[in-house]
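Asker: To start, I am sharing the structure in question, which I have written as structure tokens.
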Amino acid sequence: MRILIVGGGSAGWITANVLNAVLNGDATPSFEITLLEAPEIPIIGVGEATVPSIRRTLQTIGMPEREFMKGCEATFKNVIRFVDWNPGAQYDHPFDRRQRPETDSQVRSWLASAAQAPFDKTFSILSHLSDHNRAPKAVGWPDYGSTFPYAYHLDAAMLANILANWGVARGIKHKKALVRDVEIGKDGNIIAVTTDAGDRYSADLYVDCTGFRARLIGEALGVSKRQYEKNFLCDRAATMRVPYDLHRPERLRPYTLATAKPAGWSWDINLTSRRGLGYVYSSAFLSEDEAETELRASEGAHTDKLEVGHIRFETSKRAKSWTGNCVAVGLSDGFLEPLESSGLYMIEFAAQALGELIPGYRLAPSQTAAHYNCLTQGLFDEVKDFINLHYVTSLRCDTPFWKAASDQSAVLDSLRDRLELWRTRPPSDLDFALNQRLFSLESYEYILFGMEHCVYRNHASDAGNDNDISSLVDKCLAKLPSHEEWLRLTL
Ligand SMILES: Cc1cc2nc3c(=O)[nH]c(=O)nc-3n(C[C@H](O)[C@H](O)[C@H](O)COP(=O)(O)OP(=O)(O)OC[C@H]3O[C@@H](n4cnc5c(N)ncnc54)[C@H](O)[C@@H]3O)c2cc1C
């Protein structure tokens with residue numbers, strides 16, 4: 001079977017490598033995988049923060065952790081730290097999960113407790129490790145292994161590059177040319193694509209990884225999109241890279257900083273050679289020039305000569321990611337703003353799902369596509385609700401953007417009833433579908449309690465905090481090196 005992947009960004013190369021590993025493995029390859037990309041169209045170049053699933057994906061691909069981290073100038077990510085999403089507040093969304101159901105009663109006593117210990121500091125060790133700038137693993141621990149779930153920050157262009165080299169060395173064919181024409185048959189399936197070099201490529205399955213251009217699924221096949229601009233106001237990002245030879249921060253943070261701003265929020269990500277900064281904002285409330293000025297001002301005079309990139313996006317999802325013999329993965333399929341680093345996760349999920357579904361595709365094509373569409377729509381909806389939650393629970397109303405973003409009209413219908421319920425009682429498993437994959441009860445707790453969307457917290461008991469993780473935290477602090485030390489000794 002021939003699979004043609006068009007596009008060589010993170011989506012293209014993650015998909016190509018996962019499919020090659022899963023479908024071809026060590027056996028004689030029975031799936032011919034070709035990746036075609038246009039050298040004159042650069043990849044989007046953002047997508048620097050990941051979630052822990054990336055470790056499993058890289059293991060599937062077979063790449064050693066050190067090779068990956070060195071090749072992408074990667075650092076660790078333990079938590080996302082949210083600053084100013086409520087006036088003056090700060091809280092973490094960590095990757096470690098409290099033990100269930102053992103700690104359920106501790107959550108109840110935390111809610112009843114008069115002590116003001118924040119929820120993240122009461123239940124997450126990674127939140128403490130982040131305060132102390134610690135790596136989530138000791139030097140010499142096995143590749144991708146730790147007591148804690150952890151993720152990375154990475155350079156997106158470097159990721160595509162090392163995955164390209166890795167894949168080509170393992171049999172993926174790599175062609176460089178622009179797709180100019182797409183031939184479509186009477187049945188609506190793609191017959192072939194032709195390039196500006198005059199070559200014609202034909203395949204059994206076409207994977208559209210052409211980013212926002214959506215050259216196959218959108219331009220050629222015209223598959224419609226569902227849009228969500230009413231609920232997601234941000235539609236622009238201003239981005240900047242600050243190299244350490246220009247300005248080195250005091251320490252390399254093992255977490256993503258997500259700071260609320262007057263017309264959106266900013267990210268601050270530390271790699272090993274530079275920081276990646278971005279201001280995600282709404283064009284209805286801020287112009288490109290204003291965003292750039294604000295981004296530079298928040299950083300300081302050393303940024304005067306640095307280039308600022310401007311990205312436009314919309315929050316949308318293809319109605320049918322898999323249509324006929326074409327499946328869209330990555331930005332061509334849909335996009336939700338990067339607040340919870342879900343973009344790469346959705347690509348990883350798509351690639352793994354395709355790896356499982358493609359072998360049965362010829363025997364049951366329409367059922368395979370329908371099932372895939374159901375899975376990816378479910379995941380998109382899950383992420384959509386969770387990102388919406390961050391805005392609509394905010395008590396900020398200091399700017400027109402925040403008034404609009406936290407207004408009732410911005411609440412997703414799929415979230416509205418539960419938000420009301422969570423005013424009256426804490427979230428529980430009952431409130432989530434059984435197949436939630438990325439963000440379920442524990443993630444919601446961190447956001448809802450961090451944002452103080454818990455008026456039922458009764459402060460009735462002075463028993464204090466009966467989930468004392470302090471001795472565990474001390475043990476970990478004694479054992480784990482600083483983030484920089486781990487990077488220096490390992491990479
Ligand atoms: C502002 C912003 C911040 C983000 N931050 C994060 C984050 O922190 N974490 C995260 O997980 N995700 C993040 N994302 C999402 C992430 O960047 C993307 O999911 C990821 O980079 C995948 O991009 P892609 O490969 O689909 O598209 P691209 O990187 O745009 O690649 C498109 C490819 O298609 C090729 N192409 C296009 N047209 C043609 C043609 N006609 N012929 C041949 N080839 C063609 C191009 O050459 C290129 O190789 C962010 C996105 C944005 C917009």
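Naming works like this for the structure tokens: A, B, ... for the chains as they're shown, residue 1 at the start of each chain, ligands 1 onward in shown order.
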Might you pull out every residue within 9 Å of A:Gly167, with only C-alpha atoms counted and same-chain residues fewer than 4 positions away left off, and present them as a list in words?
Answerer: Trp13, Ala16, Asn17, Asn20, Ile61, Ile162, Leu163, Gly171, Ile172, Lys173 and His174 of chain A
Asker: Go ahead and write the selection's residues with N, CA and C atoms as a PDB file, in the first residue's frame.
Answerer:
```
ATOM      1  N   TRP A  13       6.139  14.907   9.663  1.00  0.00           N
ATOM      2  CA  TRP A  13       7.232  14.007  10.070  1.00  0.00           C
ATOM      3  C   TRP A  13       6.861  13.122  11.255  1.00  0.00           C
ATOM      4  N   ALA A  16       4.703  10.457   9.535  1.00  0.00           N
ATOM      5  CA  ALA A  16       5.503   9.550   8.693  1.00  0.00           C
ATOM      6  C   ALA A  16       6.286   8.562   9.553  1.00  0.00           C
ATOM      7  N   ASN A  17       6.916   9.067  10.615  1.00  0.00           N
ATOM      8  CA  ASN A  17       7.752   8.181  11.440  1.00  0.00           C
ATOM      9  C   ASN A  17       6.926   7.197  12.258  1.00  0.00           C
ATOM     10  N   ASN A  20       5.646   4.581   9.843  1.00  0.00           N
ATOM     11  CA  ASN A  20       6.736   3.697   9.417  1.00  0.00           C
ATOM     12  C   ASN A  20       7.072   2.692  10.519  1.00  0.00           C
ATOM     13  N   ILE A  61       8.749   5.679  17.837  1.00  0.00           N
ATOM     14  CA  ILE A  61       9.613   5.948  16.682  1.00  0.00           C
ATOM     15  C   ILE A  61      10.992   5.297  16.872  1.00  0.00           C
ATOM     16  N   ILE A 162      15.222  16.604  12.675  1.00  0.00           N
ATOM     17  CA  ILE A 162      15.771  15.322  13.147  1.00  0.00           C
ATOM     18  C   ILE A 162      14.828  14.168  12.805  1.00  0.00           C
ATOM     19  N   LEU A 163      13.529  14.443  12.792  1.00  0.00           N
ATOM     20  CA  LEU A 163      12.596  13.379  12.415  1.00  0.00           C
ATOM     21  C   LEU A 163      12.736  13.030  10.931  1.00  0.00           C
ATOM     22  N   GLY A 171      13.878   4.345   5.682  1.00  0.00           N
ATOM     23  CA  GLY A 171      13.132   3.924   4.493  1.00  0.00           C
ATOM     24  C   GLY A 171      12.033   4.859   4.003  1.00  0.00           C
ATOM     25  N   ILE A 172      11.770   5.963   4.722  1.00  0.00           N
ATOM     26  CA  ILE A 172      10.745   6.894   4.218  1.00  0.00           C
ATOM     27  C   ILE A 172      11.340   7.652   3.026  1.00  0.00           C
ATOM     28  N   LYS A 173      10.557   7.724   1.943  1.00  0.00           N
ATOM     29  CA  LYS A 173      11.050   8.477   0.777  1.00  0.00           C
ATOM     30  C   LYS A 173      10.737   9.955   0.974  1.00  0.00           C
ATOM     31  N   HIS A 174      11.700  10.805   0.704  1.00  0.00           N
ATOM     32  CA  HIS A 174      11.536  12.236   0.942  1.00  0.00           C
ATOM     33  C   HIS A 174      11.703  12.989  -0.375  1.00  0.00           C
TER      34      HIS A 174
END
```
Asker: Can you tell me which residues come within 7 Å of ligand 1 when counting only C-alpha atoms and all ligand atoms, ideally as an NGL selection string?
Answerer: :A and (6-12 or 36-50 or 156 or 177-180 or 209-213 or 215 or 237 or 280 or 311 or 313 or 329-332 or 337-338 or 341-345 or 347)
Asker: Using only C-alpha atoms, find each residue of stretch 163-246 of chain A with at least one atom at most 12 Å away from an atom of stretch 352-363 of chain A; report its shortest atom-to-atom pair and that distance in Å (one decimal), sort the rows by chain and rising residue number, and return the result as a tab-separated table.
Answerer:
```
residue	atom	partner	partner_atom	distance
A:Asp204	CA	A:Arg362	CA	9.0
A:Leu205	CA	A:Ile358	CA	9.0
A:Tyr206	CA	A:Ile358	CA	11.6
A:Val207	CA	A:Leu354	CA	10.1
```
Asker: Which neighbours of stretch 420-435 of chain A fall inside 9 Å, counting only C-alpha atoms, when residues of the same chain fewer than 5 positions from it are skipped, and could you give them as a count of residues only?
Answerer: 14
Asker: Which distance in Å separates atom CA of A:Cys476 and atom CA of A:Leu129, to one decimal?
Answerer: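 Between these atoms lies a distance of 7.9 Å.
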Asker: Which parts of stretch 98-179 of chain A does DSSP call strand (DSSP E or B) when run on the backbone here, written out as a list in words?
Answerer: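 Result set for stretch 98-179 of chain A (strand (DSSP E or B)): Ser113, Arg134, Ala151, Tyr152, His153, Lys173, His174, Lys175, Lys176 and Val179 of chain A.
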Asker: Would you return as a ChimeraX atom specification the members of stretch 198-385 of chain A that DSSP assigns to helix (DSSP H, G or I) on this structure's backbone?
Answerer: /A:211-213,215-220,288-299,301-303,330-332,338-340,343-360,365-385
Asker: Closest to A:Asp208 among A:Asp304, A:Ser321, A:Cys234, A:Gln436, using only C-alpha atoms?
Answerer: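 With only C-alpha atoms as the atom set, the closest residue is A:Ser321.
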Asker: Restricting the calculation to only C-alpha atoms, which member of A:Ile14, A:Lys225, A:Arg200, A:Thr239 is positioned closest to A:Asn161?
Answerer: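 Of A:Ile14, A:Lys225, A:Arg200, A:Thr239, the one nearest A:Asn161 is A:Ile14, counting only C-alpha atoms.
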Asker: Go through A:Ser202, A:Pro249, A:Arg170, A:Val83 and flag the residue nearest A:Trp265, using only C-alpha atoms for the distances.
Answerer: A:Val83
Asker: By how many Å are atom CA of A:Asp143 and atom CA of A:Glu67 apart?
Answerer: 10.3 Å
Asker: Name all residues at most 12 Å from A:Tyr279 (count only C-alpha atoms; drop same-chain ones fewer than 3 positions away) and give them as a ChimeraX atom specification.
Answerer: /A:234-240,257-269,276,282-283,286-299,308-312,337-339
Asker: Could you check the closest approach to A:Gln99 for each of A:Met63, A:Ser482, A:Ile447, A:Ser124 and tell me which residue wins, using only C-alpha atoms?
Answerer: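 Smallest distance to A:Gln99 is found for A:Ser124.
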Asker: What separation in Å, quoted to one decimal, exists between atom CA of A:Arg66 and atom CA of A:Asp245?
Answerer: 23.5 Å
Asker: Rank A:Pro254, A:Pro64, A:Gly140, A:Gly188 by their smallest atom-to-atom distance to A:Gly222, using only C-alpha atoms, and report the top residue only.
Answerer: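 Counting only C-alpha atoms, the residue closest to A:Gly222 is A:Gly188.
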Asker: Taking only C-alpha atoms into account, name the residue in A:Glu32, A:Glu452, A:Glu65, A:Asp104 that is nearest to A:Tyr91.
Answerer: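 So, comparing all the options, the nearest one is A:Glu452.
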